[in-house]
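Visitor: Quick one: the structure is below, questions incoming.
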Amino acid sequence: MAAGSETIPVGEEVGKEQQESQEQLGKELENEVAQDEDQEQLEAPMSEVFQLIVKLPYHPKQIQIMVTTQEQVQDIRQSIIELPDTVQYSCFHLEHNGVRINDFIELSDVPGITARSELVLVEDPYTEKEARIHFLRMRELIGVTGPRVDVVQGISAGLSLFDSIKTGDEQVAKDGAAAGTHPMSDYDFYAPATFDHYLPPAPKAAPKAVKSIALSAWNPPPYHLRQRGHLLYIQIQTLEAETVHITSHVSGFYVNKSTTTAFDPSPKLVNGRKVHQHSLLNLLSEISPQFVKEFQALQELNADRDPLVTFQPTNAIPASPWLVPPPKAPFHVHQPDLARPQETYLTNGTENIDSLRDFNEEFQSTRELPRETVQERVFRERLLSKLFADYTEAAVRGAVLIAKGEVAPLNPTEGRDAQIYVYNNIFFSYGADGVGTFANDGGDEAARVATGKDVLGVKAVNQLDIPGLSTPGTVVIDYLGRRLVAQSIVPGIFKQKEEGQNQIDYGGVEGKDVIATTEAFVPIFEKMSKAMRVKRHSVWDKEGKKHELVASVETKGLLGTDARKYVLDLYRITPLDVDWLEQHWKNGEDENGYPHKMAVLRQELVEGFWKFKVREYVAGEVEKKRKAKEEEAAKKAEENAAKPDGAEAKAEGEEKKEEHIDRVDISGFDFALNPDVFSGQQPQTEGERAEMQQDEGNVRAACAYLIDKVIPGLIEDLKEGEVGSPVDGHSLSRLMHKRGINIRYLGVIATKASEQGSKLDSIRVITLQEMIARASKHMLNALLRNLPQPLAPYAISHFLNCLLGTAYNADPKPEKDQELWELYHDADLRFEKITPDALKDVLKKEVFRRFRYTLSEEWVNVIKHQQLLREIALKLGLQFRIRKYQFQQLPEEDKAVAVPGPSPATNGTTGGKRKKGKAAAPATVAEAASAVPATTFVADDILNVVPLVKDASSRSQLAEEALEAGRISIIQDQKDLGQELLLESLSLHEQIYGVLHPEVARVYNTLAMLYYQLDEKLAAVELARKAVIVSERTLGVDSSETILNYLNLGLFEHSNGNTHAALAYIRHAFGFWRIIYGDGHPDSVTTMNNAAVMLQALKHYHDSKKWFEASLKICESIFGKSHPNTATLSFQLAQALALDNDSKGAVIRMRDAYSVFLAELGPNDRNTKEAENWLEQLTQNAVHIAKQAKDLQQRRLRRINLTPRVTLTARPQPQAGQASVKEGGVAESTTSAAAGVGGMPEGMDDRCIDELIKFIEGHEQPHGGKKRPQTTNPRRRGGKK
């Protein structure tokens, strides 16, 4: 990009090229639309969505489906299978004009297809595989498939709580408002946060269409019957209590004469005739009258549920919550099911060949698909997304089996860390230094980090999508303390080379001793390195021979036996963080030194530093041009002084004509970093040493840029509210990574946050918590790595008791199961020796080693137990049962009570009180117990451990380009084109990723925000609802992104008039917010203000006042009472008090606001004058109101229904690390957190004072007046657009 760029206008951003490419995509999409319009009349209907008729063999004989020409025929097949009237079909093909249509072509490729065409569904003969698929499909349809025990997914995977939130319809909301009830009516700000929020609604008993359905004991068919077309034998117990045996035949299904003791698969006459159907569903309908009734009821029940809640994710692993219901009814009922253990056979077949795939060949052949047109790119990226998902799932299954010891290694005689495995055509190895590769860099610690960096490197190369460059499928799985790396098998990687030949064709062969430089790899590696800002540089082998490389010596190129060029070992694509290592890496000689030498800079930092150098270069070129112009102007002035006046005037005119926008040529700019500096390279000549010193200087400059610019810039942005503040460790990590800051700098962040005092106290708390959680993760991994799986819950519970449960039990003892202890007598049981004091000492050292931060002596007393427990659980994949965990000492009177007991009155998610006597309503999570437990945690609390996955899947460039092109069009005021491009982007995201995917959730949220700004409120609400459900199921019910989506949904519902529902969503989100962070987060001010504004809209002025008071309390704790932010909230609270008829309180709060404005902003500031005006009027009327108290009381009793115009409006919150969104210009007010966008301080009422006072005194407001522009809430910490 650097050398190939031409010019950049002075002052423009470096990202101009990216913007131009997105604008180009918009033009391409416009051109495609134009070309479609110019097609022939016959094809004209095909460019749009149209209806297609499909003829069926049975009732309803035909259906109509909506299709487009871009759809593949297999997509139409899938649509038919999922329609309620055609669910019985699974084995069929489609015909057009009597000709069979290939399932894998686009509809536009079918000869003669038009909008008036009819397709015919023709049933196919079954194969064994098709019969198995049909049987599984029917089991799912009739509702006999229970929850599967899946090693990839955890308990309650893909949970959504959206349907459980009781919003009530608008009529109920109005009635509730009149009666004084609303979702916030019983909210208690002082109630403790409760884990009840994680409870899903108790499942409803679904209709049962059959009692049981499974494969018969007579399977498989004998050889002679296979020759006659017998595929499977099925046994069904109907609701009429009749056991029916069914033969699955190539022609369909029929009832046979077999019984449980006698085998006779010949057809049986039912009611005097043979019962035979192509679909098992139709057969059941014919033999069981009750089946028809119950199946219809089941379909109606499923139709009432949102498809996003019921569908299973296809391209993403669903999120597993860290808190799950206890394994008892009504949440978990383990029903008997004969077919459950048969599902492996039903899914994969007898020989298990259905699950064996050559993943590497699939990856490479898919990447080689054409990508010239938009349709080709969509098809290619869609296949890649699905392939990445399938590979990740297969890799996780294999890794879990290996971790459990169920797969034999290829080299069983080697040490455990050096053992390798092949399972399902995937190569597995441990993320440990089994063969001594990283002996000088930190051993196992370095090897573990290198595997994680390798995945990031593969992901970066996949994102570049360079034609001709291949990467193996790569996934890292962490499970029970073990890290496994799963890679697709590169053809030829295990092939023994002839003597004198290298296994590797480019890069370091045996460490750095032997270096290969096959020229065929140079052009393609050069493209990769140029995009990653890697400099072409020299390296030297063990004999001192110089080699010229375009990538790191650690990055290897391999020519596979399939003639493809593969890039391997991408863990060193960026230089070492030399400043950090020189200070903290002690070569393993000091136990307090940093644990490994694999401390490299992040790719985001290198990219940011490159842009920084571009700006420096541009500024330098501009300065050169300016000086040259000044010299030229001085020279011309001398020449003109000697010319006549007329000639001078003519010269000036010509000079003006020559004026143009200065452009800087950056084709001469070439900056990149050498990733191999400071890694033992030995230059041989003076010139080589000089170049190496220059490269080292550039890397040191990048490290200095991180320390001096990036980290202070992040702190400043958080302090000034330029970006959203993180709420948990995950959002903090994402924010740091986005800025190019490594996690090892958490200690630096914590120190700098502490220096800012209360303004960044939330950042200090989260960084402290994150350091402790990450140190705990490493310590637990070390304990679990060599521990048998059945003993893991005992080790985890004891560790957590020593860390979090010492206030409850100061000397916890580990639980023991004597039988397990005797069985695993040689296991590593060192966890038994852990004591609270020893653990805290080790943890303190671990935090210092990894983050160079010294915990205070009182750190144990300041940690947040619930939040730290969540962070540790998420980092290890732990799933705890939901109950009240006791972190503090119980009062004496409570010690005899059964332990968990009912949860205290807390803020639930429904906003209302649950009715008594309903067993199905989960009013509490506590389980009855007969005695107080000795410790906070017991082994039975850990219900499951979920594998954690890092994959290398790339994002869709096409979908993101369309989204950005739509944004640019809207910014350029091309609203119609922008909306068209946004919808196109949404369609591309859904097609490529599938609907249930984190990227789709994010685009739903982005589009909802854009539509809200475009005043398309209904569309914004619909998209926000989808964003909530998809993010719940793929990111987690308590993810910071999910909480943000709920808050924005509440905002959009309020703007759409559904304020009652909006408050319910905000209450739900706020409940989770308190669990994952606690109370007093800076961004919660915005949420509280939004809730207060909504309560005012419902005329609940007293409750509204409570929320304003709560937000003011938080603001005072952060900024102090003398800050303009606090003053603006005092101003806002004064208005709320006035509406609540508290004139005295209103005067006090307004006086507070005026005093601060006067002291901080001066007497001439608009905010000061406004507050002074309000204060004067409120003071006068307070006296007047006091004199007329009796009359006022009478007027209140008459309950005059007035409608004050609430001029405060709720506003959206940005994600952590993103700039907040405004709709107008820069505010006049200097109160950064409270400055509005329309000439009024945010949160200040723009009504005239007389209007508000008349309302307080009981006088009705005049109607039909001119509406004043609305202003927004005080937003979080002065966020900017």
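Ligands are numbered from 1 in the order shown, residues from 1 within each chain, and chains are lettered A, B, ... in the order they appear in the structure tokens.
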Would you pick out the contacts of region 291-293 of chain A at 9 Å or less, using only C-alpha atoms, so that residues sharing its chain but fewer than 6 positions from it are not included, and give the list as a PyMOL selection string?

Guide: chain A and resi 208-210+238-239+284-285

Visitor: Among region 536-626 of chain A, which residues does DSSP mark as alpha helix (DSSP H) when it is run on the backbone? Keep the chain and numbering as in the structure and answer as a ChimeraX atom specification.

Guide: /A:578-584,603-626

Visitor: Compile the contact shell of Asn1005 (chain A) as a ChimeraX atom specification: residues with an atom at most 9 Å away, counting only C-alpha atoms, same-chain residues fewer than 4 positions apart removed.

Guide: /A:1000-1001,1009-1010,1020,1023-1028,1045,1048

Visitor: Pick out the closest residue to Ile53 (chain A) from this set: A:His93, A:Leu1139, A:His1068, A:Ala115. Count only C-alpha atoms.

Guide: A:Ala115

Visitor: Name the residues in contact with Ala157 (chain A) at a cut-off of 9 Å, using only C-alpha atoms, excluding same-chain residues fewer than 3 positions from it; report them as a ChimeraX atom specification.

Guide: /A:153-154,317-321,1033-1034,1036

Visitor: Keeping only N, CA and C atoms, write the selected residues to a file as a JSON list (two decimals), in the first residue's frame.

Guide:
[["chain", "number", "residue", "atom", "x", "y", "z"],
["A", 153, "GLN", "N", -20.64, -28.14, 23.02],
["A", 153, "GLN", "CA", -21.52, -27.17, 23.67],
["A", 153, "GLN", "C", -21.71, -27.53, 25.13],
["A", 154, "GLY", "N", -21.91, -26.53, 25.94],
["A", 154, "GLY", "CA", -22.12, -26.76, 27.35],
["A", 154, "GLY", "C", -23.59, -26.87, 27.69],
["A", 317, "ILE", "N", -20.35, -21.55, 17.35],
["A", 317, "ILE", "CA", -20.60, -22.35, 18.55],
["A", 317, "ILE", "C", -21.45, -21.50, 19.49],
["A", 318, "PRO", "N", -22.62, -21.99, 19.91],
["A", 318, "PRO", "CA", -23.47, -21.17, 20.79],
["A", 318, "PRO", "C", -22.79, -20.92, 22.13],
["A", 319, "ALA", "N", -23.10, -19.79, 22.72],
["A", 319, "ALA", "CA", -22.50, -19.40, 24.00],
["A", 319, "ALA", "C", -23.07, -20.25, 25.12],
["A", 320, "SER", "N", -22.21, -20.67, 26.02],
["A", 320, "SER", "CA", -22.63, -21.44, 27.19],
["A", 320, "SER", "C", -22.51, -20.57, 28.43],
["A", 321, "PRO", "N", -23.59, -20.32, 29.15],
["A", 321, "PRO", "CA", -23.52, -19.44, 30.33],
["A", 321, "PRO", "C", -22.68, -20.09, 31.42],
["A", 1033, "ARG", "N", -27.52, -15.57, 22.21],
["A", 1033, "ARG", "CA", -27.28, -16.97, 21.89],
["A", 1033, "ARG", "C", -25.84, -17.25, 21.44],
["A", 1034, "THR", "N", -25.16, -16.25, 20.92],
["A", 1034, "THR", "CA", -23.81, -16.49, 20.39],
["A", 1034, "THR", "C", -22.72, -15.84, 21.23],
["A", 1036, "GLY", "N", -23.50, -14.63, 24.68],
["A", 1036, "GLY", "CA", -23.81, -14.88, 26.08],
["A", 1036, "GLY", "C", -24.86, -13.94, 26.61]]
